[in-house]
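Okay, input-v9.csv now, which holds CSV, C-alpha atoms and all ligand atoms:
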chain,number,residue,atom,x,y,z
A,393,MET,CA,14.6,-147.8,-62.1
A,394,SER,CA,14.4,-147.5,-65.9
A,395,LEU,CA,16.3,-145.0,-67.9
A,396,ARG,CA,14.3,-143.8,-70.7
A,397,PRO,CA,15.8,-141.7,-73.5
A,398,LEU,CA,15.1,-138.1,-73.1
A,399,SER,CA,12.5,-136.7,-75.4
A,400,LEU,CA,13.8,-134.0,-77.8
A,401,PRO,CA,12.4,-131.0,-75.8
A,402,GLN,CA,14.0,-132.4,-72.7
A,403,ARG,CA,17.3,-132.8,-74.4
A,404,LEU,CA,17.1,-129.2,-75.7
A,405,LEU,CA,16.2,-127.7,-72.4
A,406,PRO,CA,19.7,-127.4,-71.0
A,407,ALA,CA,20.9,-125.8,-74.2
A,408,LEU,CA,17.9,-123.4,-74.3
A,409,LEU,CA,18.5,-122.5,-70.6
A,410,GLY,CA,22.1,-121.9,-71.3
A,411,ALA,CA,21.4,-119.7,-74.3
A,412,LEU,CA,18.9,-117.7,-72.2
A,413,LEU,CA,21.3,-117.3,-69.3
A,414,GLY,CA,24.0,-116.3,-71.8
A,415,LEU,CA,21.7,-113.7,-73.3
A,416,THR,CA,20.8,-112.4,-69.8
A,417,SER,CA,24.4,-112.0,-68.8
A,418,TRP,CA,25.2,-110.4,-72.2
A,419,GLN,CA,22.4,-108.0,-71.7
A,420,ALA,CA,23.6,-107.2,-68.2
A,421,ARG,CA,27.1,-106.5,-69.5
A,422,ALA,CA,25.7,-104.3,-72.2
A,423,SER,CA,23.6,-102.4,-69.7
A,424,ASP,CA,26.7,-102.0,-67.4
A,425,LEU,CA,28.7,-100.6,-70.3
A,426,ILE,CA,26.0,-98.0,-71.2
A,427,ARG,CA,25.9,-96.8,-67.6
A,428,THR,CA,29.7,-96.7,-67.4
A,429,GLN,CA,29.8,-94.5,-70.5
A,430,GLU,CA,27.1,-92.2,-69.1
A,431,ILE,CA,29.2,-91.7,-66.0
A,432,ALA,CA,32.3,-90.9,-68.0
A,433,GLU,CA,30.9,-88.8,-70.8
A,434,CYS,CA,28.3,-86.0,-70.9
A,435,ARG,CA,26.9,-85.7,-74.4
A,436,SER,CA,25.6,-82.4,-75.7
A,437,GLY,CA,21.9,-81.9,-74.8
A,438,GLU,CA,22.1,-84.5,-72.0
A,439,ILE,CA,22.2,-82.1,-69.1
A,440,GLY,CA,18.7,-81.7,-67.6
A,441,THR,CA,17.3,-80.8,-64.2
A,442,TRP,CA,14.0,-80.9,-62.4
A,443,GLY,CA,14.1,-77.2,-61.9
A,444,ASP,CA,13.7,-77.4,-58.1
A,445,GLY,CA,16.6,-75.1,-57.3
A,446,ARG,CA,19.0,-72.6,-58.8
A,447,ASP,CA,22.7,-73.4,-59.1
A,448,ARG,CA,25.2,-70.9,-57.6
A,449,PRO,CA,28.9,-70.8,-56.9
A,450,ALA,CA,30.3,-73.1,-54.2
A,451,VAL,CA,30.1,-71.9,-50.6
A,452,ASP,CA,33.8,-71.1,-50.8
A,453,THR,CA,36.6,-70.8,-53.3
A,454,HIS,CA,38.4,-73.5,-51.4
A,455,LEU,CA,36.1,-75.9,-49.6
A,456,ARG,CA,37.5,-77.0,-46.2
A,457,LEU,CA,35.5,-79.8,-44.6
A,458,VAL,CA,36.0,-81.0,-41.1
A,459,TYR,CA,34.6,-84.3,-40.0
A,460,ASP,CA,33.4,-85.2,-36.5
A,461,HIS,CA,32.9,-89.0,-36.1
A,462,GLU,CA,30.8,-88.8,-32.9
A,463,GLY,CA,27.5,-90.6,-33.3
A,464,ALA,CA,28.5,-92.6,-36.4
A,465,PRO,CA,27.1,-96.1,-36.8
A,466,PRO,CA,29.6,-98.6,-35.3
A,467,TRP,CA,30.1,-100.4,-38.6
A,468,PHE,CA,31.6,-97.2,-40.2
A,469,ASP,CA,35.0,-96.5,-38.7
A,470,GLU,CA,36.4,-93.0,-38.8
A,471,ALA,CA,39.0,-93.9,-41.5
A,472,LEU,CA,36.3,-95.2,-43.8
A,473,VAL,CA,34.2,-92.1,-43.5
A,474,LEU,CA,37.2,-89.8,-44.0
A,475,ALA,CA,38.2,-91.8,-47.1
A,476,THR,CA,34.6,-91.6,-48.4
A,477,LEU,CA,34.5,-87.8,-47.9
A,478,ARG,CA,38.0,-87.4,-49.5
A,479,ARG,CA,36.9,-89.5,-52.6
A,480,ALA,CA,33.9,-87.2,-53.1
A,481,ALA,CA,35.9,-84.0,-52.4
A,482,ASP,CA,38.6,-85.0,-54.9
A,483,ALA,CA,36.1,-85.9,-57.5
A,484,TRP,CA,34.2,-82.6,-57.1
A,485,ALA,CA,37.4,-80.6,-57.1
A,486,GLY,CA,37.6,-81.6,-60.8
A,487,CYS,CA,35.1,-78.7,-61.4
A,488,GLY,CA,37.8,-76.2,-60.5
A,489,VAL,CA,37.1,-75.7,-56.8
A,490,PRO,CA,39.7,-77.3,-54.6
A,491,ALA,CA,38.5,-79.1,-51.5
A,492,SER,CA,40.2,-80.7,-48.5
A,493,VAL,CA,38.9,-82.9,-45.6
A,494,TRP,CA,40.2,-82.9,-42.1
A,495,PRO,CA,39.3,-84.9,-39.0
A,496,ARG,CA,38.0,-83.0,-36.0
A,497,ALA,CA,38.2,-83.9,-32.3
A,498,HIS,CA,34.6,-83.9,-31.0
A,499,GLY,CA,33.7,-80.5,-29.6
A,500,ALA,CA,36.8,-78.8,-31.0
A,501,GLU,CA,36.3,-75.5,-32.6
A,502,VAL,CA,35.4,-75.5,-36.3
A,503,PRO,CA,37.8,-73.2,-38.2
A,504,PRO,CA,36.1,-70.1,-39.6
A,505,GLY,CA,34.6,-70.7,-43.0
A,506,ALA,CA,34.9,-74.5,-42.8
A,507,VAL,CA,32.1,-76.9,-43.4
A,508,LEU,CA,31.3,-79.2,-40.5
A,509,VAL,CA,30.3,-82.7,-41.4
A,510,ASN,CA,28.7,-84.7,-38.5
A,511,TRP,CA,26.1,-87.2,-37.5
A,512,ASP,CA,22.9,-85.6,-36.3
A,513,ASP,CA,19.6,-87.5,-36.5
A,514,ARG,CA,17.6,-84.5,-35.3
A,515,LEU,CA,18.8,-82.1,-38.0
A,516,VAL,CA,19.0,-84.7,-40.8
A,517,ARG,CA,15.2,-85.4,-40.3
A,518,GLY,CA,15.2,-89.1,-41.2
A,519,ASN,CA,17.4,-88.7,-44.3
A,520,PHE,CA,20.7,-90.4,-45.0
A,521,GLY,CA,22.2,-86.9,-45.4
A,522,LEU,CA,21.3,-83.3,-45.7
A,523,ALA,CA,23.4,-80.3,-46.6
A,524,HIS,CA,22.7,-76.8,-45.3
A,525,VAL,CA,24.6,-74.4,-47.6
A,526,GLY,CA,23.8,-71.2,-45.5
A,527,LEU,CA,25.1,-72.8,-42.3
A,528,ARG,CA,27.9,-74.7,-44.0
A,529,ARG,CA,26.9,-78.0,-42.6
A,530,LEU,CA,26.6,-81.5,-43.9
A,531,TRP,CA,24.6,-83.8,-41.6
A,532,LEU,CA,24.6,-87.5,-41.8
A,533,GLY,CA,21.8,-89.7,-40.4
A,534,ALA,CA,22.8,-92.7,-38.3
A,535,ALA,CA,19.1,-93.8,-37.9
A,536,ALA,CA,18.6,-94.1,-41.7
A,537,PHE,CA,21.7,-96.3,-41.9
A,538,ARG,CA,20.4,-98.4,-39.0
A,539,THR,CA,17.1,-98.9,-40.8
A,540,LEU,CA,19.0,-99.9,-44.0
A,541,ARG,CA,21.0,-102.5,-42.0
A,542,ALA,CA,18.0,-103.9,-40.3
A,543,ARG,CA,16.2,-104.4,-43.6
A,544,ASN,CA,19.2,-106.0,-45.3
A,545,ALA,CA,22.4,-106.5,-43.4
A,546,ALA,CA,24.3,-107.7,-46.5
A,547,TYR,CA,23.6,-104.4,-48.4
A,548,PRO,CA,26.8,-102.5,-49.2
A,549,ALA,CA,26.1,-99.5,-46.9
A,550,HIS,CA,29.5,-98.0,-47.6
A,551,GLU,CA,28.3,-97.4,-51.2
A,552,THR,CA,25.1,-95.7,-49.9
A,553,LEU,CA,27.4,-93.5,-47.7
A,554,GLN,CA,29.5,-92.6,-50.7
A,555,MET,CA,26.5,-91.7,-52.8
A,556,VAL,CA,25.0,-89.7,-50.0
A,557,VAL,CA,28.2,-87.8,-49.3
A,558,SER,CA,28.9,-87.1,-53.0
A,559,HIS,CA,25.3,-85.8,-53.5
A,560,GLU,CA,25.2,-83.6,-50.4
A,561,MET,CA,28.7,-82.3,-51.2
A,562,GLY,CA,27.5,-81.4,-54.7
A,563,HIS,CA,25.1,-78.9,-53.0
A,564,LEU,CA,28.0,-77.3,-51.2
A,565,PHE,CA,29.8,-77.0,-54.5
A,566,GLY,CA,26.8,-75.0,-55.8
A,567,LEU,CA,24.5,-77.5,-57.5
A,568,MET,CA,21.1,-76.6,-56.0
A,569,ASP,CA,19.0,-78.0,-58.8
A,570,HIS,CA,18.5,-81.8,-59.0
A,571,SER,CA,19.4,-83.6,-62.2
A,572,ASN,CA,16.9,-85.6,-64.2
A,573,ARG,CA,19.6,-87.8,-65.7
A,574,CYS,CA,19.3,-90.9,-63.6
A,575,VAL,CA,23.0,-91.7,-63.4
A,576,ASP,CA,24.1,-88.3,-62.1
A,577,VAL,CA,25.0,-88.3,-58.4
A,578,MET,CA,22.8,-85.1,-58.2
A,579,SER,CA,19.8,-86.9,-59.7
A,580,TYR,CA,16.3,-87.6,-58.3
A,581,TYR,CA,14.7,-90.6,-60.0
A,582,ASP,CA,11.3,-88.9,-60.2
A,583,ASN,CA,9.8,-85.5,-59.5
A,584,GLY,CA,6.9,-86.8,-57.4
A,585,ARG,CA,4.5,-85.9,-60.2
A,586,GLY,CA,4.9,-89.0,-62.3
A,587,ASP,CA,7.9,-87.9,-64.4
A,588,ARG,CA,10.8,-90.3,-64.4
A,589,CYS,CA,14.5,-89.5,-64.9
A,590,ARG,CA,16.3,-90.3,-68.2
A,591,ALA,CA,18.9,-92.8,-69.1
A,592,ARG,CA,20.5,-93.6,-72.5
A,593,GLU,CA,18.4,-96.0,-74.4
A,594,GLY,CA,16.1,-96.4,-71.4
A,595,ASN,CA,18.9,-98.3,-69.8
A,596,ASP,CA,17.6,-97.8,-66.2
A,597,ARG,CA,14.5,-99.9,-67.0
A,598,GLY,CA,14.9,-103.3,-65.4
A,599,TRP,CA,18.1,-102.1,-63.6
A,600,ARG,CA,18.5,-103.7,-60.1
A,601,GLY,CA,19.5,-101.4,-57.3
A,602,ASP,CA,20.6,-97.8,-57.6
A,603,TYR,CA,21.3,-96.5,-61.1
A,604,ARG,CA,22.8,-93.3,-59.7
A,605,ALA,CA,26.6,-93.1,-59.6
A,606,LEU,CA,28.6,-93.1,-56.4
A,607,LEU,CA,30.7,-90.1,-57.4
A,608,PRO,CA,30.0,-87.1,-59.6
A,609,THR,CA,29.6,-87.9,-63.3
A,610,ALA,CA,30.9,-86.0,-66.3
A,611,CYS,CA,27.5,-84.1,-66.5
A,612,ASP,CA,27.6,-83.3,-62.7
A,613,ILE,CA,31.1,-81.9,-63.2
A,614,GLN,CA,30.1,-79.9,-66.3
A,615,ARG,CA,27.2,-78.3,-64.3
A,616,CYS,CA,29.5,-77.6,-61.4
A,617,ARG,CA,32.0,-75.8,-63.8
A,618,ALA,CA,29.2,-73.7,-65.2
A,619,ALA,CA,28.0,-72.8,-61.6
A,620,ASN,CA,31.5,-71.8,-60.6
A,621,ALA,CA,32.6,-70.1,-63.8
A,622,ALA,CA,34.0,-66.6,-63.2
A,623,PRO,CA,31.3,-64.0,-64.3
A,624,VAL,CA,32.0,-62.7,-67.8
A,625,THR,CA,32.7,-59.0,-67.7
A,626,ALA,CA,30.6,-57.2,-70.3
A,627,ALA,CA,32.7,-55.5,-73.0
A,628,ARG,CA,32.5,-51.7,-72.9
B,1,ZN,ZN,19.8,-83.0,-53.0
Encoding of this model in structure tokens:
Amino acid sequence: MSLRPLSLPQRLLPALLGALLGLTSWQARASDLIRTQEIAECRSGEIGTWGDGRDRPAVDTHLRLVYDHEGAPPWFDEALVLATLRRAADAWAGCGVPASVWPRAHGAEVPPGAVLVNWDDRLVRGNFGLAHVGLRRLWLGAAAFRTLRARNAAYPAHETLQMVVSHEMGHLFGLMDHSNRCVDVMSYYDNGRGDRCRAREGNDRGWRGDYRALLPTACDIQRCRAANAAPVTAAR
């Protein structure tokens, strides 16, 4: 075996690759930072919606949610789902509407005015989650989570659950319109007619996985505050 000296391009290759990888990780960090800022701060003029619904006040002045664990996928235990619901409720309460989450024994009576959160593949119609504001229900779909797991067992399904719960709870807090700001938990990425959501500096382009936040963003909360603001009495 002869050891020939490396030619110049061969010697440069590791350095070039290192520089490229360095650049890639730098770009990834910059992209993460922009998204983190979008979650934390709602700049003037950034709120935008698809116009597919009309915001209204929350279903109650104090949201009480009761969670029934029956029918949940076995990899989500009750404590995990309750913690997920409480994180979303606490975050949304920042808009001025207090919310609390309680476990419910299966079949026990739902307190009057409370929102029942339960697993129901028939009513959720193939979705991960669905809120019915009029009936005060938030249904979760075990079948959708089973499909997700079958496709990719390593996928962090608890994050999907958090995103779904935060989004559907947003409807109960009064946000009926969907955001066109990609990072908002109330966003839809496109309107089905070729229009794509917006991110600062086009930051969503090339993003891997979900760009949407797991909890309400500053813009979600601002919209929620507006939807729940006490009506201004006209001066006489
Ligand atoms: Zn929705």
Nearby residues (all atoms listed in the file) at most 6 Å from Val577 (chain A), same-chain spacing under 2 positions excluded, as JSON, numbers by chain: {"A": [559, 579, 604, 605, 608]}
Expected selection as a count of residues only for ligand ZN 1 (chain B) within 8 Å, only C-alpha atoms and all ligand atoms: 11
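All residues of protein, DNA or RNA that reach within 10 Å of Val516 (chain A), judged by only C-alpha atoms and not counting those fewer than 2 positions away in the chain, are Asn510, Trp511, Asp512, Asp513, Arg514, Gly518, Asn519, Phe520, Gly521, Leu522, Ala523, His524, Leu530, Trp531, Leu532, Gly533, Ala534, Ala535 and Ala536 of chain A.
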Among listed residues A:Asp460, A:Glu551, A:Ile426, A:Ala420, nearest Glu593 (chain A) (using all atoms listed in the file): A:Ile426
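Distance annotation: of A:Arg427, A:Arg617, A:Arg478, A:His454, the residue with the minimal separation from Trp494 (chain A) is A:Arg478; atom set is all atoms listed in the file.
Protein, DNA and RNA residues at most 8 Å from (11.0, -79.9, -57.7), with all atoms listed in the file, are these: Trp442, Gly443, Asp444, Gly445, His570 and Asn583 of chain A.
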Distance of CA of Gly526 (chain A) from CA of Pro490 (chain A), expressed in Å to one decimal place: 19.3 Å
